[in-house]
file input_38.cif (mmCIF, C-alpha atoms)
data_my_file
#
loop_
_atom_site.label_atom_id
_atom_site.label_comp_id
_atom_site.auth_asym_id
_atom_site.auth_seq_id
_atom_site.Cartn_x
_atom_site.Cartn_y
_atom_site.Cartn_z
CA MET A 15 7.48 -27.17 -25.54
CA ALA A 16 9.90 -27.04 -28.44
CA GLU A 17 9.68 -23.31 -28.78
CA GLN A 18 10.93 -20.96 -26.13
CA PRO A 19 8.43 -18.38 -24.93
CA ALA A 20 8.85 -15.02 -26.60
CA VAL A 21 9.40 -13.43 -23.24
CA SER A 22 12.83 -14.95 -22.86
CA ARG A 23 13.70 -14.76 -26.56
CA ARG A 24 13.34 -11.03 -26.54
CA ARG A 25 16.56 -9.10 -26.34
CA SER A 26 16.81 -7.00 -23.26
CA SER A 27 16.75 -3.27 -23.77
CA ALA A 28 18.88 -2.90 -20.67
CA SER A 29 21.94 -3.66 -22.76
CA ARG A 30 21.31 -0.52 -24.79
CA ARG A 31 21.54 1.67 -21.75
CA LYS A 32 24.38 2.94 -19.65
CA PRO A 33 25.41 0.58 -16.87
CA LYS A 34 23.70 1.06 -13.55
CA LYS A 35 25.52 2.74 -10.72
CA ASN A 36 26.50 0.59 -7.78
CA GLN A 37 24.15 1.62 -5.01
CA ILE A 38 25.88 -0.14 -2.13
CA PRO A 39 28.16 2.80 -1.15
CA PHE A 40 25.12 5.09 -1.06
CA GLY A 41 23.30 2.56 1.11
CA VAL A 42 26.18 2.30 3.56
CA ALA A 43 26.47 6.10 3.74
CA LEU A 44 22.71 6.39 4.29
CA VAL A 45 22.74 3.87 7.15
CA ALA A 46 25.65 5.76 8.73
CA ILE A 47 23.73 9.06 8.46
CA VAL A 48 20.55 7.48 9.88
CA VAL A 49 22.49 6.08 12.85
CA ALA A 50 24.31 9.38 13.40
CA ILE A 51 21.05 11.35 13.43
CA GLY A 52 19.54 8.72 15.74
CA ILE A 53 22.38 9.11 18.22
CA ALA A 54 22.23 12.91 17.98
CA LEU A 55 18.48 12.87 18.67
CA GLY A 56 18.90 10.32 21.46
CA THR A 57 21.29 12.54 23.41
CA LYS A 58 18.76 15.39 23.28
CA ASN A 59 15.52 13.48 23.73
CA PRO A 60 15.17 9.67 23.81
CA THR A 61 11.55 9.83 22.61
CA LEU A 62 12.62 11.63 19.45
CA ALA A 63 15.17 8.90 18.75
CA LEU A 64 12.43 6.29 19.22
CA PHE A 65 10.17 8.13 16.76
CA TRP A 66 13.05 8.38 14.31
CA ILE A 67 13.79 4.66 14.48
CA THR A 68 10.16 3.48 14.33
CA GLY A 69 9.47 5.90 11.47
CA ILE A 70 12.41 4.58 9.46
CA CYS A 71 11.38 0.99 10.21
CA PHE A 72 7.79 1.60 9.10
CA GLY A 73 9.04 3.19 5.90
CA ALA A 74 11.40 0.32 5.16
CA ILE A 75 8.70 -2.29 5.81
CA LEU A 76 6.16 -0.44 3.65
CA GLN A 77 8.63 -0.08 0.81
CA LYS A 78 10.24 -3.51 0.89
CA GLY A 79 7.03 -5.33 1.72
CA ARG A 80 5.16 -3.48 -1.03
CA PHE A 81 2.51 -3.04 1.62
CA CYS A 82 -0.15 -0.69 0.32
CA PHE A 83 -3.43 0.12 2.00
CA THR A 84 -4.73 1.55 -1.25
CA ALA A 85 -4.02 -1.66 -3.15
CA SER A 86 -5.60 -3.70 -0.38
CA MET A 87 -8.92 -2.01 -1.12
CA ARG A 88 -8.47 -1.58 -4.86
CA ASP A 89 -6.87 -4.80 -6.11
CA PRO A 90 -9.75 -7.11 -5.22
CA TYR A 91 -11.81 -5.25 -7.77
CA LEU A 92 -9.08 -4.57 -10.33
CA THR A 93 -7.09 -7.79 -10.33
CA GLY A 94 -9.09 -10.14 -8.16
CA SER A 95 -6.11 -10.48 -5.86
CA THR A 96 -6.76 -10.19 -2.15
CA SER A 97 -3.24 -10.93 -0.90
CA LEU A 98 -2.78 -7.35 0.35
CA THR A 99 -6.31 -7.22 1.71
CA ARG A 100 -5.53 -10.26 3.81
CA ALA A 101 -2.20 -8.76 4.86
CA VAL A 102 -4.01 -5.67 6.13
CA LEU A 103 -6.56 -7.82 7.98
CA MET A 104 -3.67 -9.74 9.53
CA ALA A 105 -2.12 -6.44 10.64
CA PHE A 106 -5.45 -5.42 12.16
CA ALA A 107 -5.61 -8.68 14.08
CA VAL A 108 -2.09 -8.21 15.44
CA THR A 109 -2.75 -4.59 16.43
CA THR A 110 -6.04 -5.60 18.06
CA LEU A 111 -4.16 -7.91 20.39
CA GLY A 112 -1.31 -5.44 20.93
CA PHE A 113 -3.49 -2.45 21.73
CA ALA A 114 -5.82 -4.51 23.89
CA ALA A 115 -2.81 -5.75 25.87
CA ILE A 116 -1.49 -2.21 26.39
CA LYS A 117 -4.88 -0.77 27.34
CA TYR A 118 -5.80 -3.68 29.57
CA GLY A 119 -2.42 -3.38 31.30
CA TYR A 120 -3.22 0.19 32.27
CA ALA A 121 -6.87 -0.49 33.10
CA ALA A 122 -6.00 -3.45 35.34
CA GLN A 123 -3.82 -1.20 37.47
CA GLY A 124 -6.51 1.45 37.63
CA LEU A 125 -4.46 3.88 35.57
CA PRO A 126 -5.94 6.02 32.79
CA MET A 127 -5.64 4.14 29.49
CA PRO A 128 -3.41 5.68 26.82
CA GLY A 129 -4.86 6.53 23.42
CA MET A 130 -8.42 6.97 24.66
CA SER A 131 -8.66 10.30 22.83
CA TYR A 132 -8.92 8.22 19.65
CA VAL A 133 -12.19 6.69 20.79
CA VAL A 134 -14.34 9.15 18.88
CA PRO A 135 -18.02 9.18 17.94
CA ILE A 136 -19.05 7.21 14.90
CA SER A 137 -21.84 8.32 12.63
CA LEU A 138 -22.80 8.53 8.99
CA ALA A 139 -19.96 11.04 8.69
CA THR A 140 -17.47 8.22 9.32
CA ILE A 141 -18.84 6.23 6.39
CA ILE A 142 -19.04 9.21 4.02
CA GLY A 143 -15.56 10.35 5.01
CA ALA A 144 -14.11 6.88 4.55
CA PHE A 145 -15.72 6.59 1.12
CA MET A 146 -14.31 9.96 0.04
CA PHE A 147 -10.89 9.03 1.37
CA GLY A 148 -11.09 5.79 -0.62
CA ILE A 149 -11.80 7.64 -3.88
CA GLY A 150 -9.04 10.12 -3.14
CA MET A 151 -6.39 7.56 -2.35
CA VAL A 152 -7.01 5.55 -5.50
CA ILE A 153 -6.76 8.70 -7.66
CA ALA A 154 -3.69 9.94 -5.80
CA GLY A 155 -2.06 6.53 -6.03
CA GLY A 156 -1.57 6.13 -2.32
CA CYS A 157 -2.91 6.77 1.14
CA ALA A 158 -0.98 8.93 3.59
CA SER A 159 1.78 6.45 4.41
CA GLY A 160 1.90 5.16 0.83
CA THR A 161 2.30 8.66 -0.58
CA LEU A 162 5.10 9.46 1.86
CA MET A 163 6.84 6.18 1.06
CA ARG A 164 6.69 6.79 -2.70
CA VAL A 165 7.91 10.37 -2.37
CA GLY A 166 10.85 8.84 -0.54
CA GLU A 167 11.32 6.45 -3.45
CA GLY A 168 11.58 9.47 -5.72
CA PHE A 169 8.31 9.16 -7.59
CA GLN A 170 7.77 12.74 -8.66
CA MET A 171 4.07 12.64 -9.44
CA GLN A 172 3.34 11.82 -5.87
CA ILE A 173 5.07 14.95 -4.64
CA ILE A 174 1.96 16.66 -6.04
CA SER A 175 -0.16 14.23 -4.01
CA LEU A 176 1.86 15.03 -0.91
CA PHE A 177 1.48 18.76 -1.50
CA PHE A 178 -2.30 18.59 -1.82
CA PHE A 179 -2.48 16.04 0.98
CA THR A 180 -0.84 18.66 3.20
CA VAL A 181 -3.09 21.42 1.89
CA GLY A 182 -6.15 19.25 2.50
CA SER A 183 -5.02 18.29 5.99
CA LEU A 184 -4.43 21.92 6.92
CA TRP A 185 -7.82 22.92 5.53
CA GLY A 186 -9.42 20.03 7.40
CA ALA A 187 -7.69 21.03 10.63
CA HIS A 188 -8.83 24.63 10.10
CA ASP A 189 -12.51 23.65 9.79
CA PHE A 190 -12.40 20.70 12.16
CA GLY A 191 -13.93 22.62 15.04
CA TRP A 192 -17.09 23.29 13.02
CA TRP A 193 -17.38 19.68 11.85
CA LYS A 194 -16.77 18.39 15.34
CA TYR A 195 -19.40 20.64 16.86
CA ASN A 196 -22.08 20.25 14.19
CA VAL A 197 -21.60 16.75 12.85
CA ILE A 198 -19.15 14.49 14.67
CA SER A 199 -20.34 15.14 18.22
CA LYS A 200 -23.86 14.08 17.20
CA GLY A 201 -22.65 10.49 16.93
CA LYS A 202 -21.99 8.06 19.71
CA ALA A 203 -18.51 7.01 20.89
CA VAL A 204 -18.23 3.28 21.40
CA PHE A 205 -15.37 1.62 23.22
CA LEU A 206 -15.96 -2.09 22.67
CA PRO A 207 -14.57 -3.31 26.04
CA ASP A 208 -17.17 -1.10 27.79
CA VAL A 209 -19.94 -2.90 25.93
CA PHE A 210 -18.76 -6.50 25.67
CA GLY A 211 -16.08 -6.70 28.33
CA TRP A 212 -12.40 -7.18 27.49
CA ALA A 213 -12.54 -10.83 26.40
CA GLY A 214 -15.79 -10.31 24.50
CA ALA A 215 -14.50 -7.26 22.66
CA ILE A 216 -11.28 -8.97 21.59
CA ALA A 217 -13.13 -12.14 20.57
CA LEU A 218 -15.71 -10.17 18.60
CA GLN A 219 -13.17 -8.06 16.80
CA LEU A 220 -10.98 -11.05 15.94
CA ALA A 221 -14.04 -12.99 14.77
CA ILE A 222 -15.06 -10.19 12.42
CA ILE A 223 -11.52 -9.96 11.07
CA ALA A 224 -11.45 -13.75 10.59
CA LEU A 225 -14.76 -13.64 8.71
CA LEU A 226 -13.46 -10.87 6.45
CA TYR A 227 -10.29 -12.91 5.88
CA ILE A 228 -12.31 -15.95 4.85
CA ALA A 229 -14.52 -13.79 2.64
CA ALA A 230 -11.42 -12.34 0.96
CA GLU A 231 -10.03 -15.81 0.31
CA LYS A 232 -13.34 -17.08 -1.08
CA TYR A 233 -13.62 -13.99 -3.28
CA GLU A 234 -10.14 -14.57 -4.72
CA GLU A 235 -11.01 -18.22 -5.44
CA LYS A 236 -14.18 -17.16 -7.18
CA ARG A 237 -12.45 -14.54 -9.30
CA LYS A 238 -9.77 -17.04 -10.30
CA ASN A 239 -12.38 -19.47 -11.60
CA ASP A 240 -14.31 -16.87 -13.57
CA MET B 25 4.19 -11.73 -33.75
CA ASN B 26 3.52 -8.15 -32.82
CA GLU B 27 5.37 -6.24 -30.17
CA VAL B 28 3.62 -3.33 -28.52
CA ILE B 29 5.27 -0.94 -26.09
CA ILE B 30 3.21 1.18 -23.76
CA ASP B 31 4.88 3.99 -21.93
CA CYS B 32 3.63 4.29 -18.38
CA LEU B 33 6.59 6.23 -17.05
CA GLY B 34 5.38 8.68 -14.45
CA GLU B 35 2.03 6.96 -14.05
CA ALA B 36 1.04 5.87 -10.58
CA CYS B 37 -0.59 2.53 -10.06
CA PRO B 38 -3.20 1.38 -10.93
CA VAL B 39 -2.87 3.23 -14.27
CA PRO B 40 -0.17 0.91 -15.75
CA LEU B 41 -2.21 -2.14 -14.79
CA VAL B 42 -5.44 -0.84 -16.31
CA LYS B 43 -3.65 0.26 -19.48
CA ALA B 44 -2.02 -3.15 -19.81
CA GLN B 45 -5.32 -4.95 -19.22
CA ASN B 46 -7.05 -2.92 -21.90
CA LYS B 47 -4.21 -3.24 -24.42
CA LEU B 48 -3.89 -6.97 -23.85
CA LYS B 49 -7.55 -7.44 -24.69
CA GLU B 50 -6.98 -6.08 -28.22
CA MET B 51 -3.91 -8.19 -28.87
CA ALA B 52 -3.60 -11.63 -30.45
CA ILE B 53 -2.22 -14.73 -28.79
CA GLY B 54 1.56 -14.77 -28.98
CA ASP B 55 1.86 -11.00 -29.15
CA VAL B 56 4.19 -9.35 -26.72
CA LEU B 57 3.32 -6.32 -24.67
CA ILE B 58 6.04 -4.30 -23.01
CA VAL B 59 4.94 -1.98 -20.25
CA GLN B 60 7.48 0.61 -19.18
CA ILE B 61 6.96 1.64 -15.58
CA ASP B 62 8.73 3.61 -12.91
CA HIS B 63 6.18 3.16 -10.17
CA SER B 64 7.45 0.45 -7.92
CA CYS B 65 4.10 -1.00 -6.92
CA ALA B 66 3.06 -1.56 -10.52
CA MET B 67 6.04 -3.91 -10.56
CA LYS B 68 4.16 -6.07 -8.09
CA ASN B 69 0.52 -5.91 -9.13
CA LEU B 70 1.12 -6.06 -12.88
CA PRO B 71 2.98 -9.43 -12.86
CA GLU B 72 0.62 -10.72 -10.18
CA TRP B 73 -2.41 -10.06 -12.34
CA THR B 74 -0.75 -11.34 -15.52
CA ASN B 75 0.28 -14.57 -13.84
CA LYS B 76 -3.21 -15.04 -12.53
CA ASP B 77 -4.67 -14.37 -15.94
CA GLY B 78 -2.39 -17.03 -17.37
CA HIS B 79 0.13 -15.08 -19.47
CA ASN B 80 3.91 -15.34 -19.49
CA VAL B 81 5.49 -12.42 -17.74
CA GLU B 82 8.94 -11.21 -16.93
CA VAL B 83 10.11 -8.08 -15.13
CA GLU B 84 13.37 -6.43 -15.90
CA GLU B 85 14.97 -3.48 -14.15
CA VAL B 86 16.29 -1.49 -17.07
CA ASP B 87 17.55 1.39 -14.98
CA ASP B 88 17.52 2.43 -11.34
CA GLY B 89 13.84 2.60 -10.50
CA GLU B 90 12.71 1.91 -14.04
CA TRP B 91 11.27 -1.40 -15.12
CA GLU B 92 9.95 -3.12 -18.18
CA VAL B 93 7.23 -5.68 -17.69
CA ILE B 94 7.26 -8.03 -20.65
CA ILE B 95 4.02 -9.89 -21.15
CA GLU B 96 3.35 -12.56 -23.74
CA LYS B 97 -0.33 -13.07 -24.31
CA ALA B 98 -0.96 -16.76 -23.86
CA LYS B 99 -4.70 -17.09 -24.20
#

call {"tool": "encode", "arguments": {"input": "input_38.cif", "output": "structure tokens"}}
result
Amino acid sequence: MAEQPAVSRRRSSASRRKPKKNQIPFGVALVAIVVAIGIALGTKNPTLALFWITGICFGAILQKGRFCFTASMRDPYLTGSTSLTRAVLMAFAVTTLGFAAIKYGYAAQGLPMPGMSYVVPISLATIIGAFMFGIGMVIAGGCASGTLMRVGEGFQMQIISLFFFTVGSLWGAHDFGWWKYNVISKGKAVFLPDVFGWAGAIALQLAIIALLYIAAEKYEEKRKND
Amino acid sequence: MNEVIIDCLGEACPVPLVKAQNKLKEMAIGDVLIVQIDHSCAMKNLPEWTNKDGHNVEVEEVDDGEWEVIIEKAK
């Protein structure tokens, strides 16, 4: 390797530009504002403060972790990389345990389980809807959380995505009654612990996630060797 | 040695990646492709793919929220 790669020989175009602004003062000011709003919300309603903090944390993790649900579904095909796919599967595994623990905690005491309104019927509509959502999020460059995160980053094109995401959500909410009555309610709601028992449901779900994880890893290997 | 610049400013991912993949196919070994991006996630998937495909790659933040991905075609 006598010759240096062209990449490092190339003169940076950064030197032609104006120097970057120091962002640290803005960061400090932003943290101060976030804390101040948090305290203000907390004195009025502690739940609001909790939402504020978890929302900010989710945003920061999404942005800094470059976590992207869209890329997790798209990159295996485009780049052959399944690192984000596996990250999402990992997150599913963690949430499986977390939600099962919360729900079991309530069920064991004979209390009504929280979040049971999300156990909704599944049918062909689920698959068609998921497929349409998949097409939409790749074109829009982000799913719901990804779009919000990138609007926060200042990516202007995605403000358009956010606008139409809102329009679509409102339209969906407007017609949801019809869909629910005519399509969704025709399906069957399945709550896995009712079918397999708590241990069985958790084991089954984790096993499926593990299989998908292995499949993702094998797929990446295969693509690398092609 | 050719140097090609593609302007992907304002393009959401995966557009910069696909454009770079297509451009790189037409280029000769040793040519340098510079992809200008301002979409932060292209900064991750573009170098990831290029590394995997076996090219030399470097990312440079030329301005706040604006990057240049410099790719040297190696094979």

call {"tool": "residues_around", "arguments": {"input": "input_38.cif", "residues": "segment 72-82 of chain A", "least_positions_apart": "4", "cutoff": "7 Å", "atoms": "all atoms listed in the file", "output": "mmCIF file with C-alpha atoms, in the coordinates of the input"}}
result
data_model
loop_
_atom_site.group_PDB
_atom_site.id
_atom_site.type_symbol
_atom_site.label_atom_id
_atom_site.label_comp_id
_atom_site.auth_asym_id
_atom_site.auth_seq_id
_atom_site.Cartn_x
_atom_site.Cartn_y
_atom_site.Cartn_z
ATOM 1 C CA THR A 68 10.160 3.480 14.330
ATOM 2 C CA SER A 86 -5.600 -3.700 -0.380
ATOM 3 C CA LEU A 98 -2.780 -7.350 0.350
ATOM 4 C CA GLY A 160 1.900 5.160 0.830
ATOM 5 C CA MET A 163 6.840 6.180 1.060
ATOM 6 C CA CYS B 65 4.100 -1.000 -6.920
#

call {"tool": "closest_residue", "arguments": {"input": "input_38.cif", "among": "B:Pro40, B:Asp55, B:His63, B:Ile30", "to": "Gly156 of chain A", "atoms": "only C-alpha atoms"}}
result
B:His63

call {"tool": "resolve_selection", "arguments": {"input": "input_38.cif", "expression": "the PyMOL selection byres ((chain B) within 7 of (chain A))", "output": "list in words"}}
result
Gly34, Ala36, Cys37, His63, Cys65, Trp73, Asn80, Val81, Glu82, Val86, Asp87, Asp88, Ile94, Ile95 and Glu96 of chain B

call {"tool": "resolve_selection", "arguments": {"input": "input_38.cif", "expression": "the PyMOL selection byres ((chain B and resi 49-53) around 12)", "output": "VMD selection string"}}
result
(chain A and resid 19 to 20) or (chain B and resid 25 to 28 42 to 48 54 to 57 77 to 80 95 to 99)

call {"tool": "closest_residue", "arguments": {"input": "input_38.cif", "among": "A:Ile141, A:Met104, A:Leu125, A:Cys157", "to": "Gly201 of chain A", "atoms": "all atoms listed in the file"}}
result
A:Ile141

call {"tool": "atom_distance", "arguments": {"input": "input_38.cif", "atom1": "atom CA of Ile58 of chain B", "atom2": "atom CA of Thr96 of chain A"}}
result
25.2 Å

call {"tool": "atom_distance", "arguments": {"input": "input_38.cif", "atom1": "atom CA of Val134 of chain A", "atom2": "atom CA of Trp212 of chain A"}}
result
18.6 Å

call {"tool": "atom_distance", "arguments": {"input": "input_38.cif", "atom1": "atom CA of Phe83 of chain A", "atom2": "atom CA of Met146 of chain A"}}
result
14.8 Å

call {"tool": "residues_around", "arguments": {"input": "input_38.cif", "residues": "Met127 of chain A", "least_positions_apart": "3", "cutoff": "8 Å", "atoms": "only C-alpha atoms", "output": "PDB file with C-alpha atoms, in the coordinates of the input"}}
result
ATOM      1  CA  LYS A 117      -4.880  -0.770  27.340  1.00  0.00           C
ATOM      2  CA  TYR A 118      -5.800  -3.680  29.570  1.00  0.00           C
ATOM      3  CA  TYR A 120      -3.220   0.190  32.270  1.00  0.00           C
ATOM      4  CA  ALA A 121      -6.870  -0.490  33.100  1.00  0.00           C
ATOM      5  CA  MET A 130      -8.420   6.970  24.660  1.00  0.00           C
TER       6      MET A 130
END

call {"tool": "residues_around", "arguments": {"input": "input_38.cif", "residues": "segment 105-112 of chain A", "least_positions_apart": "6", "cutoff": "8 Å", "atoms": "all atoms listed in the file", "output": "list of chain:residue names"}}
result
A:Ile216, A:Gln219, A:Leu220, A:Ile223

call {"tool": "decode", "arguments": {"input": "input_38.cif", "residues": "segment 85-178 of chain A", "atoms": "C-alpha atoms", "output": "short mmCIF file (atom, residue, chain, number, x, y, z; two decimals), in the first residue's frame"}}
result
data_model
loop_
_atom_site.label_atom_id
_atom_site.label_comp_id
_atom_site.auth_asym_id
_atom_site.auth_seq_id
_atom_site.Cartn_x
_atom_site.Cartn_y
_atom_site.Cartn_z
CA ALA A 85 -35.03 0.91 7.53
CA SER A 86 -35.48 -2.29 9.52
CA MET A 87 -37.93 -3.50 6.87
CA ARG A 88 -36.31 -1.86 3.86
CA ASP A 89 -32.56 -2.30 4.31
CA PRO A 90 -32.53 -6.10 4.14
CA TYR A 91 -33.69 -5.77 0.56
CA LEU A 92 -31.77 -2.62 -0.38
CA THR A 93 -28.42 -3.13 1.31
CA GLY A 94 -28.56 -6.66 2.65
CA SER A 95 -28.02 -5.29 6.14
CA THR A 96 -30.26 -6.63 8.87
CA SER A 97 -28.69 -4.83 11.83
CA LEU A 98 -31.78 -2.64 12.32
CA THR A 99 -34.11 -5.56 11.69
CA ARG A 100 -32.43 -7.43 14.50
CA ALA A 101 -32.54 -4.33 16.71
CA VAL A 102 -36.31 -4.13 16.20
CA LEU A 103 -36.69 -7.85 16.96
CA MET A 104 -34.65 -7.32 20.11
CA ALA A 105 -36.96 -4.46 21.10
CA PHE A 106 -39.96 -6.72 20.49
CA ALA A 107 -38.45 -9.37 22.74
CA VAL A 108 -37.85 -6.85 25.53
CA THR A 109 -41.36 -5.40 25.25
CA THR A 110 -42.84 -8.91 25.19
CA LEU A 111 -41.31 -9.58 28.60
CA GLY A 112 -42.15 -6.12 29.93
CA PHE A 113 -45.79 -6.11 28.86
CA ALA A 114 -46.29 -9.70 29.96
CA ALA A 115 -44.89 -8.78 33.39
CA ILE A 116 -47.22 -5.78 33.71
CA LYS A 117 -50.30 -7.67 32.52
CA TYR A 118 -49.55 -10.76 34.57
CA GLY A 119 -49.05 -8.56 37.63
CA TYR A 120 -52.58 -7.23 37.28
CA ALA A 121 -54.10 -10.58 36.30
CA ALA A 122 -52.51 -12.37 39.26
CA GLN A 123 -54.22 -9.97 41.65
CA GLY A 124 -57.52 -10.38 39.86
CA LEU A 125 -57.48 -6.80 38.62
CA PRO A 126 -58.48 -5.81 35.08
CA MET A 127 -55.38 -5.82 32.87
CA PRO A 128 -54.30 -2.49 31.40
CA GLY A 129 -54.01 -2.09 27.64
CA MET A 130 -56.54 -4.80 26.82
CA SER A 131 -58.33 -2.43 24.43
CA TYR A 132 -55.38 -3.01 22.09
CA VAL A 133 -56.24 -6.68 21.75
CA VAL A 134 -58.20 -6.24 18.54
CA PRO A 135 -59.45 -8.67 15.92
CA ILE A 136 -57.00 -9.80 13.28
CA SER A 137 -58.05 -10.55 9.74
CA LEU A 138 -56.95 -10.12 6.17
CA ALA A 139 -57.43 -6.40 6.78
CA THR A 140 -54.45 -6.46 9.16
CA ILE A 141 -52.20 -7.88 6.45
CA ILE A 142 -53.44 -5.54 3.71
CA GLY A 143 -53.19 -2.54 6.03
CA ALA A 144 -49.68 -3.47 7.11
CA PHE A 145 -48.59 -3.88 3.50
CA MET A 146 -50.01 -0.47 2.56
CA PHE A 147 -48.37 1.11 5.57
CA GLY A 148 -45.08 -0.46 4.51
CA ILE A 149 -45.28 1.05 1.02
CA GLY A 150 -46.26 4.40 2.47
CA MET A 151 -43.48 4.58 5.01
CA VAL A 152 -40.76 3.76 2.49
CA ILE A 153 -42.04 6.48 0.12
CA ALA A 154 -42.45 8.99 2.93
CA GLY A 155 -39.02 8.17 4.30
CA GLY A 156 -40.22 7.26 7.74
CA CYS A 157 -42.93 5.69 9.84
CA ALA A 158 -44.83 7.77 12.38
CA SER A 159 -42.08 8.06 14.98
CA GLY A 160 -39.38 8.35 12.33
CA THR A 161 -41.19 11.19 10.58
CA LEU A 162 -41.67 13.07 13.84
CA MET A 163 -38.01 12.57 14.75
CA ARG A 164 -36.79 13.88 11.38
CA VAL A 165 -39.11 16.88 11.49
CA GLY A 166 -37.47 17.60 14.82
CA GLU A 167 -34.08 17.30 13.13
CA GLY A 168 -35.20 19.97 10.69
CA PHE A 169 -35.58 17.89 7.57
CA GLN A 170 -38.04 19.98 5.61
CA MET A 171 -39.28 17.41 3.14
CA GLN A 172 -40.66 15.36 5.95
CA ILE A 173 -42.82 18.22 7.17
CA ILE A 174 -44.88 17.35 4.07
CA SER A 175 -44.95 13.73 5.25
CA LEU A 176 -46.08 14.86 8.69
CA PHE A 177 -48.81 17.03 7.19
CA PHE A 178 -50.25 14.22 5.08
#
